[in-house]
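*Asks:* Could you have a look at this structure, given as C-alpha cells, before my questions?
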Amino acid sequence: MRNMRWLPLTIVGSLLLLSGCATSTSTQNSQPWHYLPMAVPLQSTTQQEVQLARIDQILLREDLTEQDKAQIYYERGLINDSLGLRDLARLDFNRSLSYNPAQPDVFNILGVYFTQSGMYDAAYEAFDSTLELDETHQYAERNRGIALYYGGRYDLAVRDLLKHYNDDGNDPYRAIWLYLAEQQKSGNEQATEALRAHFQASDKKDWGWLIARLYLNDISEEAFFREIMRSSTDNAQLAQRLCEGYFYLAKRYQSQGDLGSAVALYKLAMAGNVYEFVEHRYSMLELSLIAQQLNRAVPVS
C-alpha cells in the first residue's frame with residue numbers, strides 16, 4: 001500500500017462549492033458531496049531559484065552570441081512561466097525572439113498567452129508562425145485548435161483538433177478537446193457518440209480517459225475523485241490531476257448552464273498552482289468569459 005502520510009493535508013470541506021453539483025440531474029451521485037479533495041499548492045523549488053540566479057549571472061557575460069542570448073532568455077522565460085510569472089516570461093520570450101526570430105516553440109507559447117488574454121487573431125498568427133517554421137509542431141496544432149474554439153470558430157477548431165487527434169488516438173486530451181469543439185459545432189449527442197467511439201478505440205492506459213468516462217456518464221463524480229486520490233503517488237501528481245479534473249468538470253457544468261458550480265470548479269482548478277498546464281491557463285479565461293456573460297445578462301437601469 002502506498003505511503004499516504006501527506007493525504008490528510010489534501011482534504012478541505014466545502015458543502016457550498018458542490019451544492020450546485022449535488023442537485024444537478026446529470027450527476028450519478030446518490031448523495032451530495034460534502035468534501036472536495038485538494039492538493040497542497042505547488043511552490044517554487046530551490047532548483048528553480050538557483051537556475052534563475054545562475055541565468056542572471058550568465059547574462060552579465062560579454063562574450064555571449066546572439067544565439068546564446070536567445071536560448072538563455074527562452075530558458076529563463078520557461079522558468080518564469082512555470083512559476084506563474086507570465087508577464088516576466090512574456091518579456092523574456094520577446095527578448096529571445098529579438099535575437100533569433102526563427103523559434104517555433106517561442107511563437108507557440110506566445111500564442112497560448114494571446115489566447116489567455118482573448119487576443120485570438122494574434123494567437124492565430126503566432127501559431128501559424130510556429131507551423132510555418134515547423135509544420136510537425138503538434139502542440140501548435142492543438143493550441144491553434146483551442147484558440148479557434150475560444151474564438152468561436154468551431155468548424156476550424158474541429159478541423160485542427162481532429163487532425164491532432166488522428167495523430168495519436170491513445171491521447172485522451174486530444175479526444176476531449178475534440179469533443180468540446182464538436183459539442184459546440186454539432187451538438188452534445190453527436191459529440192458524445194464520437195467521444196465514446198474514441199474511448200472504445202483507445203488503449204485506455206492514460207489516466208485522462210477517466211475524464212472521458214466522466215463525460216460519458218460511465219463513472220460518478222464521487223468515484224472519479226476517489227480514483228484520483230487513490231492513484232496519485234505524491235502531492236505534485238495529485239495537484240496536476242485535480243487541476244485537470246476540476247477544469248473539465250467545470251466545462252461540463254458550464255455546458256449545462258450551472259455557472260455557479262462552473263465558477264467554483266474553475267477556481268479549484270487554479271488552486272494547486274499548476275501553472276504550466278493548459279487547464280490552469282484557461283481557467284482564468286473561462287472565468288473572464290463567464291463574467292462577461294453575466295454582465296451582458298444584467299439589464300442596464
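By order in the C-alpha cells, chains are A, B, ...; within a chain, residues start at 1; ligands start at 1, following the order shown.
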With a distance cut-off of 7 Å and only C-alpha atoms, select the neighbouring residues of Tyr99 of chain A, excluding the residue or stretch itself and same-chain residues fewer than 2 positions from it, and output the selection as a PyMOL selection string.
*Replies:* chain A and resi 66-67+69-70+95-97+101
*Asks:* Among segment 134-163 of chain A, which ones does DSSP place in helix (DSSP H, G or I), written as a list in words?
*Replies:*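 Listing helix (DSSP H, G or I) positions across segment 134-163 of chain A yields Gln138, Tyr139, Ala140, Glu141, Arg142, Asn143, Arg144, Gly145, Ile146, Ala147, Leu148, Tyr149, Tyr150, Tyr154, Asp155, Leu156, Ala157, Val158, Arg159, Asp160, Leu161, Leu162 and Lys163 of chain A.
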*Asks:* Can you write just those residues out, N, CA, C and O atoms, as a PDB file, in the first residue's frame?
*Replies:*
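Below is the file that was written, result_8.pdb:
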```pdb
ATOM      1  N   GLN A 138       3.109  19.601 -33.162  1.00  0.00           N
ATOM      2  CA  GLN A 138       1.753  19.200 -32.803  1.00  0.00           C
ATOM      3  C   GLN A 138       1.158  20.044 -31.685  1.00  0.00           C
ATOM      4  O   GLN A 138      -0.074  20.203 -31.611  1.00  0.00           O
ATOM      5  N   TYR A 139       1.986  20.575 -30.797  1.00  0.00           N
ATOM      6  CA  TYR A 139       1.437  21.425 -29.744  1.00  0.00           C
ATOM      7  C   TYR A 139       0.815  22.684 -30.338  1.00  0.00           C
ATOM      8  O   TYR A 139      -0.237  23.145 -29.888  1.00  0.00           O
ATOM      9  N   ALA A 140       1.454  23.237 -31.354  1.00  0.00           N
ATOM     10  CA  ALA A 140       0.895  24.420 -32.010  1.00  0.00           C
ATOM     11  C   ALA A 140      -0.409  24.081 -32.717  1.00  0.00           C
ATOM     12  O   ALA A 140      -1.357  24.878 -32.730  1.00  0.00           O
ATOM     13  N   GLU A 141      -0.467  22.904 -33.291  1.00  0.00           N
ATOM     14  CA  GLU A 141      -1.693  22.444 -33.950  1.00  0.00           C
ATOM     15  C   GLU A 141      -2.833  22.354 -32.941  1.00  0.00           C
ATOM     16  O   GLU A 141      -3.945  22.825 -33.185  1.00  0.00           O
ATOM     17  N   ARG A 142      -2.551  21.743 -31.803  1.00  0.00           N
ATOM     18  CA  ARG A 142      -3.567  21.649 -30.750  1.00  0.00           C
ATOM     19  C   ARG A 142      -3.933  23.014 -30.216  1.00  0.00           C
ATOM     20  O   ARG A 142      -5.122  23.351 -30.073  1.00  0.00           O
ATOM     21  N   ASN A 143      -2.922  23.826 -29.927  1.00  0.00           N
ATOM     22  CA  ASN A 143      -3.183  25.130 -29.313  1.00  0.00           C
ATOM     23  C   ASN A 143      -3.924  26.059 -30.263  1.00  0.00           C
ATOM     24  O   ASN A 143      -4.738  26.876 -29.821  1.00  0.00           O
ATOM     25  N   ARG A 144      -3.665  25.951 -31.563  1.00  0.00           N
ATOM     26  CA  ARG A 144      -4.431  26.748 -32.514  1.00  0.00           C
ATOM     27  C   ARG A 144      -5.889  26.292 -32.529  1.00  0.00           C
ATOM     28  O   ARG A 144      -6.817  27.115 -32.606  1.00  0.00           O
ATOM     29  N   GLY A 145      -6.094  24.980 -32.443  1.00  0.00           N
ATOM     30  CA  GLY A 145      -7.454  24.469 -32.368  1.00  0.00           C
ATOM     31  C   GLY A 145      -8.192  24.985 -31.151  1.00  0.00           C
ATOM     32  O   GLY A 145      -9.373  25.356 -31.225  1.00  0.00           O
ATOM     33  N   ILE A 146      -7.498  25.045 -30.011  1.00  0.00           N
ATOM     34  CA  ILE A 146      -8.114  25.563 -28.786  1.00  0.00           C
ATOM     35  C   ILE A 146      -8.411  27.052 -28.927  1.00  0.00           C
ATOM     36  O   ILE A 146      -9.475  27.535 -28.513  1.00  0.00           O
ATOM     37  N   ALA A 147      -7.475  27.798 -29.527  1.00  0.00           N
ATOM     38  CA  ALA A 147      -7.704  29.236 -29.737  1.00  0.00           C
ATOM     39  C   ALA A 147      -8.908  29.460 -30.647  1.00  0.00           C
ATOM     40  O   ALA A 147      -9.731  30.353 -30.409  1.00  0.00           O
ATOM     41  N   LEU A 148      -9.024  28.651 -31.694  1.00  0.00           N
ATOM     42  CA  LEU A 148     -10.176  28.753 -32.591  1.00  0.00           C
ATOM     43  C   LEU A 148     -11.468  28.419 -31.848  1.00  0.00           C
ATOM     44  O   LEU A 148     -12.518  29.024 -32.085  1.00  0.00           O
ATOM     45  N   TYR A 149     -11.394  27.456 -30.950  1.00  0.00           N
ATOM     46  CA  TYR A 149     -12.555  27.092 -30.122  1.00  0.00           C
ATOM     47  C   TYR A 149     -12.997  28.282 -29.272  1.00  0.00           C
ATOM     48  O   TYR A 149     -14.174  28.653 -29.252  1.00  0.00           O
ATOM     49  N   TYR A 150     -12.046  28.908 -28.586  1.00  0.00           N
ATOM     50  CA  TYR A 150     -12.398  30.058 -27.748  1.00  0.00           C
ATOM     51  C   TYR A 150     -12.806  31.263 -28.598  1.00  0.00           C
ATOM     52  O   TYR A 150     -13.592  32.098 -28.146  1.00  0.00           O
ATOM     53  N   TYR A 154     -15.758  27.308 -34.643  1.00  0.00           N
ATOM     54  CA  TYR A 154     -15.825  25.897 -34.281  1.00  0.00           C
ATOM     55  C   TYR A 154     -15.500  24.963 -35.445  1.00  0.00           C
ATOM     56  O   TYR A 154     -14.902  23.899 -35.235  1.00  0.00           O
ATOM     57  N   ASP A 155     -15.889  25.321 -36.670  1.00  0.00           N
ATOM     58  CA  ASP A 155     -15.559  24.475 -37.818  1.00  0.00           C
ATOM     59  C   ASP A 155     -14.050  24.318 -37.957  1.00  0.00           C
ATOM     60  O   ASP A 155     -13.540  23.203 -38.161  1.00  0.00           O
ATOM     61  N   LEU A 156     -13.336  25.436 -37.862  1.00  0.00           N
ATOM     62  CA  LEU A 156     -11.885  25.395 -37.985  1.00  0.00           C
ATOM     63  C   LEU A 156     -11.247  24.714 -36.775  1.00  0.00           C
ATOM     64  O   LEU A 156     -10.234  24.013 -36.909  1.00  0.00           O
ATOM     65  N   ALA A 157     -11.842  24.920 -35.607  1.00  0.00           N
ATOM     66  CA  ALA A 157     -11.329  24.268 -34.400  1.00  0.00           C
ATOM     67  C   ALA A 157     -11.420  22.755 -34.538  1.00  0.00           C
ATOM     68  O   ALA A 157     -10.458  22.026 -34.229  1.00  0.00           O
ATOM     69  N   VAL A 158     -12.561  22.256 -35.008  1.00  0.00           N
ATOM     70  CA  VAL A 158     -12.728  20.813 -35.195  1.00  0.00           C
ATOM     71  C   VAL A 158     -11.728  20.294 -36.223  1.00  0.00           C
ATOM     72  O   VAL A 158     -11.144  19.215 -36.057  1.00  0.00           O
ATOM     73  N   ARG A 159     -11.492  21.070 -37.277  1.00  0.00           N
ATOM     74  CA  ARG A 159     -10.521  20.660 -38.296  1.00  0.00           C
ATOM     75  C   ARG A 159      -9.150  20.429 -37.676  1.00  0.00           C
ATOM     76  O   ARG A 159      -8.523  19.381 -37.889  1.00  0.00           O
ATOM     77  N   ASP A 160      -8.666  21.412 -36.910  1.00  0.00           N
ATOM     78  CA  ASP A 160      -7.342  21.285 -36.300  1.00  0.00           C
ATOM     79  C   ASP A 160      -7.311  20.177 -35.258  1.00  0.00           C
ATOM     80  O   ASP A 160      -6.361  19.379 -35.193  1.00  0.00           O
ATOM     81  N   LEU A 161      -8.342  20.124 -34.407  1.00  0.00           N
ATOM     82  CA  LEU A 161      -8.339  19.171 -33.301  1.00  0.00           C
ATOM     83  C   LEU A 161      -8.577  17.747 -33.782  1.00  0.00           C
ATOM     84  O   LEU A 161      -8.092  16.793 -33.159  1.00  0.00           O
ATOM     85  N   LEU A 162      -9.299  17.586 -34.888  1.00  0.00           N
ATOM     86  CA  LEU A 162      -9.472  16.248 -35.452  1.00  0.00           C
ATOM     87  C   LEU A 162      -8.154  15.735 -36.022  1.00  0.00           C
ATOM     88  O   LEU A 162      -7.793  14.561 -35.822  1.00  0.00           O
ATOM     89  N   LYS A 163      -7.430  16.593 -36.719  1.00  0.00           N
ATOM     90  CA  LYS A 163      -6.117  16.196 -37.226  1.00  0.00           C
ATOM     91  C   LYS A 163      -5.186  15.857 -36.071  1.00  0.00           C
ATOM     92  O   LYS A 163      -4.436  14.864 -36.115  1.00  0.00           O
TER      93      LYS A 163
END
```
*Asks:* Would you mind reading off the distance between atom CA of Tyr120 of chain A and atom CA of Asp134 of chain A, one decimal, in Å?
*Replies:* 20.7 Å
*Asks:* Any idea what's packed within 12 Å of segment 186-192 of chain A, counting only C-alpha atoms, ignoring anything in its chain fewer than 4 positions away? Could you give it as a count of residues only?
*Replies:* 25
*Asks:* How far is it from atom CA of Phe277 of chain A to atom CA of Leu78 of chain A, in Å with one decimal?
*Replies:*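 About the pair atom CA of Phe277 of chain A and atom CA of Leu78 of chain A: they are 12.7 Å apart.
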*Asks:* Using only C-alpha atoms, determine which residues lie at most 12 Å from segment 286-295 of chain A, disregarding the query and same-chain residues fewer than 3 positions distant; provide the list as a compact mmCIF listing (two decimals) with all heavy atoms, in the first residue's frame.
*Replies:*
```
# COMPACT_ATOMS: atom_id res chain seq x y z
N THR A 115 -4.05 33.71 -26.43
CA THR A 115 -5.35 33.06 -26.23
C THR A 115 -5.87 33.35 -24.82
O THR A 115 -7.05 33.67 -24.63
CB THR A 115 -5.24 31.54 -26.44
OG1 THR A 115 -4.69 31.27 -27.73
CG2 THR A 115 -6.61 30.89 -26.33
N GLN A 116 -5.00 33.22 -23.82
CA GLN A 116 -5.40 33.51 -22.44
C GLN A 116 -5.94 34.93 -22.30
O GLN A 116 -6.83 35.18 -21.48
CB GLN A 116 -4.20 33.35 -21.51
CG GLN A 116 -3.77 31.92 -21.26
CD GLN A 116 -2.54 31.87 -20.39
OE1 GLN A 116 -1.41 31.77 -20.87
NE2 GLN A 116 -2.73 31.95 -19.09
N SER A 117 -5.39 35.85 -23.08
CA SER A 117 -5.78 37.25 -22.99
C SER A 117 -6.97 37.58 -23.88
O SER A 117 -7.40 38.74 -23.93
CB SER A 117 -4.59 38.15 -23.36
OG SER A 117 -3.48 37.90 -22.52
N GLY A 118 -7.49 36.58 -24.60
CA GLY A 118 -8.61 36.83 -25.50
C GLY A 118 -8.22 37.53 -26.79
O GLY A 118 -9.08 38.03 -27.51
N TYR A 150 -12.05 28.91 -28.59
CA TYR A 150 -12.40 30.06 -27.75
C TYR A 150 -12.81 31.26 -28.60
O TYR A 150 -13.59 32.10 -28.15
CB TYR A 150 -11.24 30.42 -26.82
CG TYR A 150 -11.18 29.53 -25.60
CD1 TYR A 150 -10.11 28.67 -25.39
CD2 TYR A 150 -12.19 29.57 -24.65
CE1 TYR A 150 -10.06 27.84 -24.27
CE2 TYR A 150 -12.14 28.75 -23.53
CZ TYR A 150 -11.08 27.89 -23.34
OH TYR A 150 -11.04 27.08 -22.24
N GLY A 151 -12.29 31.33 -29.81
CA GLY A 151 -12.67 32.43 -30.70
C GLY A 151 -14.00 32.21 -31.39
O GLY A 151 -14.42 33.06 -32.19
N PHE A 247 -11.05 21.33 -13.98
CA PHE A 247 -11.29 22.13 -15.18
C PHE A 247 -12.34 21.46 -16.06
O PHE A 247 -13.31 22.11 -16.49
CB PHE A 247 -9.98 22.31 -15.95
CG PHE A 247 -10.15 23.05 -17.26
CD1 PHE A 247 -10.15 24.43 -17.30
CD2 PHE A 247 -10.32 22.35 -18.45
CE1 PHE A 247 -10.32 25.11 -18.50
CE2 PHE A 247 -10.48 23.02 -19.66
CZ PHE A 247 -10.49 24.41 -19.67
N TYR A 248 -12.14 20.18 -16.36
CA TYR A 248 -13.06 19.52 -17.29
C TYR A 248 -14.43 19.29 -16.67
O TYR A 248 -15.44 19.29 -17.38
CB TYR A 248 -12.44 18.22 -17.81
CG TYR A 248 -11.22 18.48 -18.67
CD1 TYR A 248 -9.95 18.13 -18.24
CD2 TYR A 248 -11.35 19.12 -19.90
CE1 TYR A 248 -8.83 18.39 -19.02
CE2 TYR A 248 -10.24 19.39 -20.69
CZ TYR A 248 -8.98 19.02 -20.24
OH TYR A 248 -7.88 19.30 -21.01
N ALA A 250 -15.71 21.47 -14.61
CA ALA A 250 -16.28 22.82 -14.75
C ALA A 250 -16.86 23.01 -16.14
O ALA A 250 -17.95 23.59 -16.30
CB ALA A 250 -15.22 23.87 -14.46
N LYS A 251 -16.15 22.55 -17.17
CA LYS A 251 -16.67 22.65 -18.53
C LYS A 251 -18.01 21.92 -18.66
O LYS A 251 -18.93 22.38 -19.34
CB LYS A 251 -15.67 22.07 -19.52
CG LYS A 251 -14.35 22.81 -19.65
CD LYS A 251 -14.53 24.15 -20.34
CE LYS A 251 -14.91 24.02 -21.79
NZ LYS A 251 -15.13 25.37 -22.40
N GLN A 254 -20.69 24.00 -16.93
CA GLN A 254 -20.93 25.21 -17.71
C GLN A 254 -21.81 24.90 -18.93
O GLN A 254 -22.71 25.68 -19.26
CB GLN A 254 -19.59 25.80 -18.16
CG GLN A 254 -19.70 27.16 -18.82
CD GLN A 254 -18.33 27.73 -19.16
OE1 GLN A 254 -17.31 27.09 -18.91
NE2 GLN A 254 -18.30 28.92 -19.71
N SER A 255 -21.57 23.78 -19.57
CA SER A 255 -22.37 23.41 -20.74
C SER A 255 -23.81 23.13 -20.36
O SER A 255 -24.72 23.23 -21.19
CB SER A 255 -21.76 22.19 -21.44
OG SER A 255 -21.92 21.01 -20.66
N GLY A 257 -25.34 24.90 -18.09
CA GLY A 257 -25.90 26.16 -17.61
C GLY A 257 -25.74 26.41 -16.13
O GLY A 257 -26.26 27.41 -15.61
N ASP A 258 -25.01 25.54 -15.44
CA ASP A 258 -24.78 25.71 -14.00
C ASP A 258 -23.50 26.52 -13.82
O ASP A 258 -22.43 25.97 -13.55
CB ASP A 258 -24.68 24.34 -13.33
CG ASP A 258 -24.64 24.43 -11.81
OD1 ASP A 258 -24.43 25.54 -11.28
OD2 ASP A 258 -24.80 23.39 -11.16
N LEU A 259 -23.62 27.84 -13.95
CA LEU A 259 -22.44 28.70 -13.91
C LEU A 259 -21.85 28.79 -12.51
O LEU A 259 -20.64 28.96 -12.35
CB LEU A 259 -22.79 30.09 -14.44
CG LEU A 259 -23.27 30.16 -15.90
CD1 LEU A 259 -23.47 31.61 -16.31
CD2 LEU A 259 -22.28 29.48 -16.83
N GLY A 260 -22.69 28.69 -11.47
CA GLY A 260 -22.17 28.77 -10.11
C GLY A 260 -21.20 27.66 -9.81
O GLY A 260 -20.10 27.89 -9.27
N SER A 261 -21.57 26.42 -10.17
CA SER A 261 -20.66 25.30 -9.96
C SER A 261 -19.44 25.42 -10.85
O SER A 261 -18.32 25.09 -10.44
CB SER A 261 -21.39 23.98 -10.25
OG SER A 261 -22.42 23.76 -9.30
N ALA A 262 -19.63 25.89 -12.09
CA ALA A 262 -18.50 26.04 -13.00
C ALA A 262 -17.48 27.02 -12.45
O ALA A 262 -16.28 26.76 -12.46
CB ALA A 262 -18.99 26.50 -14.37
N VAL A 263 -17.95 28.16 -11.94
CA VAL A 263 -17.04 29.16 -11.38
C VAL A 263 -16.25 28.57 -10.22
O VAL A 263 -15.02 28.73 -10.11
CB VAL A 263 -17.82 30.41 -10.93
CG1 VAL A 263 -16.95 31.31 -10.04
CG2 VAL A 263 -18.31 31.19 -12.14
N ALA A 264 -16.94 27.87 -9.31
CA ALA A 264 -16.25 27.27 -8.17
C ALA A 264 -15.19 26.27 -8.62
O ALA A 264 -14.08 26.23 -8.08
CB ALA A 264 -17.28 26.59 -7.26
N LEU A 265 -15.52 25.48 -9.62
CA LEU A 265 -14.59 24.45 -10.07
C LEU A 265 -13.41 25.02 -10.84
O LEU A 265 -12.28 24.52 -10.75
CB LEU A 265 -15.34 23.42 -10.92
CG LEU A 265 -16.31 22.54 -10.12
CD1 LEU A 265 -17.31 21.86 -11.04
CD2 LEU A 265 -15.55 21.51 -9.30
N TYR A 266 -13.63 26.09 -11.62
CA TYR A 266 -12.50 26.75 -12.29
C TYR A 266 -11.53 27.32 -11.25
O TYR A 266 -10.31 27.26 -11.43
CB TYR A 266 -12.99 27.86 -13.22
CG TYR A 266 -13.59 27.37 -14.51
CD1 TYR A 266 -14.82 27.85 -14.97
CD2 TYR A 266 -12.92 26.43 -15.30
CE1 TYR A 266 -15.38 27.40 -16.16
CE2 TYR A 266 -13.47 25.97 -16.49
CZ TYR A 266 -14.69 26.46 -16.91
OH TYR A 266 -15.24 26.01 -18.09
N LYS A 267 -12.07 27.86 -10.19
CA LYS A 267 -11.19 28.39 -9.14
C LYS A 267 -10.38 27.26 -8.50
O LYS A 267 -9.19 27.42 -8.20
CB LYS A 267 -12.02 29.12 -8.09
CG LYS A 267 -12.61 30.44 -8.57
CD LYS A 267 -13.44 31.11 -7.50
CE LYS A 267 -14.00 32.44 -7.99
NZ LYS A 267 -14.85 33.11 -6.96
N LEU A 268 -11.03 26.12 -8.31
CA LEU A 268 -10.32 24.98 -7.75
C LEU A 268 -9.25 24.46 -8.70
O LEU A 268 -8.20 23.98 -8.28
CB LEU A 268 -11.31 23.86 -7.41
CG LEU A 268 -12.19 24.11 -6.18
CD1 LEU A 268 -13.27 23.05 -6.06
CD2 LEU A 268 -11.33 24.12 -4.91
N ALA A 269 -9.52 24.53 -10.00
CA ALA A 269 -8.52 24.10 -10.99
C ALA A 269 -7.25 24.93 -10.88
O ALA A 269 -6.16 24.45 -11.18
CB ALA A 269 -9.10 24.20 -12.39
N MET A 270 -7.40 26.18 -10.46
CA MET A 270 -6.25 27.08 -10.33
C MET A 270 -5.58 26.98 -8.96
O MET A 270 -4.46 27.47 -8.78
CB MET A 270 -6.69 28.52 -10.58
CG MET A 270 -7.28 28.76 -11.96
SD MET A 270 -8.01 30.40 -12.13
CE MET A 270 -6.55 31.43 -11.94
N VAL A 278 -2.44 23.54 -19.43
CA VAL A 278 -3.40 24.37 -20.17
C VAL A 278 -4.69 24.54 -19.37
O VAL A 278 -5.37 25.56 -19.50
CB VAL A 278 -3.72 23.77 -21.56
CG1 VAL A 278 -2.49 23.79 -22.44
CG2 VAL A 278 -4.30 22.37 -21.45
N GLU A 279 -5.01 23.56 -18.53
CA GLU A 279 -6.23 23.66 -17.73
C GLU A 279 -6.13 24.81 -16.73
O GLU A 279 -7.14 25.47 -16.45
CB GLU A 279 -6.49 22.34 -17.01
CG GLU A 279 -6.83 21.18 -17.94
CD GLU A 279 -5.62 20.52 -18.59
OE1 GLU A 279 -4.48 20.86 -18.21
OE2 GLU A 279 -5.82 19.67 -19.48
N HIS A 280 -4.96 25.03 -16.17
CA HIS A 280 -4.76 26.19 -15.30
C HIS A 280 -4.79 27.46 -16.12
O HIS A 280 -5.42 28.46 -15.74
CB HIS A 280 -3.44 26.08 -14.54
CG HIS A 280 -3.23 27.15 -13.52
ND1 HIS A 280 -2.92 28.47 -13.86
CD2 HIS A 280 -3.29 27.12 -12.17
CE1 HIS A 280 -2.79 29.19 -12.76
NE2 HIS A 280 -3.00 28.39 -11.73
N ARG A 281 -4.12 27.45 -17.26
CA ARG A 281 -4.02 28.64 -18.10
C ARG A 281 -5.40 29.14 -18.53
O ARG A 281 -5.67 30.34 -18.52
CB ARG A 281 -3.18 28.34 -19.35
CG ARG A 281 -1.72 27.98 -19.08
CD ARG A 281 -1.00 27.72 -20.39
NE ARG A 281 0.33 27.18 -20.21
CZ ARG A 281 1.41 27.91 -19.95
NH1 ARG A 281 1.30 29.21 -19.81
NH2 ARG A 281 2.60 27.34 -19.83
N TYR A 282 -6.28 28.20 -18.91
CA TYR A 282 -7.56 28.62 -19.49
C TYR A 282 -8.68 28.74 -18.46
O TYR A 282 -9.77 29.17 -18.82
CB TYR A 282 -7.94 27.68 -20.63
CG TYR A 282 -6.99 27.78 -21.80
CD1 TYR A 282 -6.43 26.64 -22.37
CD2 TYR A 282 -6.63 29.01 -22.32
CE1 TYR A 282 -5.54 26.74 -23.44
CE2 TYR A 282 -5.73 29.12 -23.37
CZ TYR A 282 -5.20 27.98 -23.93
OH TYR A 282 -4.31 28.08 -24.96
N SER A 283 -8.41 28.36 -17.21
CA SER A 283 -9.43 28.56 -16.17
C SER A 283 -9.71 30.05 -15.97
O SER A 283 -10.87 30.46 -15.82
CB SER A 283 -8.99 27.92 -14.86
OG SER A 283 -9.08 26.52 -14.92
N VAL A 298 -27.24 41.33 -17.23
CA VAL A 298 -27.77 42.27 -16.25
C VAL A 298 -28.35 43.47 -17.00
O VAL A 298 -27.63 44.15 -17.74
CB VAL A 298 -26.68 42.73 -15.27
CG1 VAL A 298 -27.23 43.80 -14.34
CG2 VAL A 298 -26.16 41.56 -14.48
N PRO A 299 -29.64 43.77 -16.82
CA PRO A 299 -30.23 44.92 -17.53
C PRO A 299 -29.69 46.23 -17.01
O PRO A 299 -29.36 46.37 -15.83
CB PRO A 299 -31.73 44.78 -17.20
CG PRO A 299 -31.77 43.99 -15.94
CD PRO A 299 -30.61 43.05 -15.97
N VAL A 300 -29.49 47.17 -17.93
CA VAL A 300 -28.98 48.49 -17.56
C VAL A 300 -30.14 49.32 -17.04
O VAL A 300 -31.16 49.48 -17.71
CB VAL A 300 -28.33 49.18 -18.77
CG1 VAL A 300 -27.84 50.58 -18.39
CG2 VAL A 300 -27.19 48.34 -19.31
```
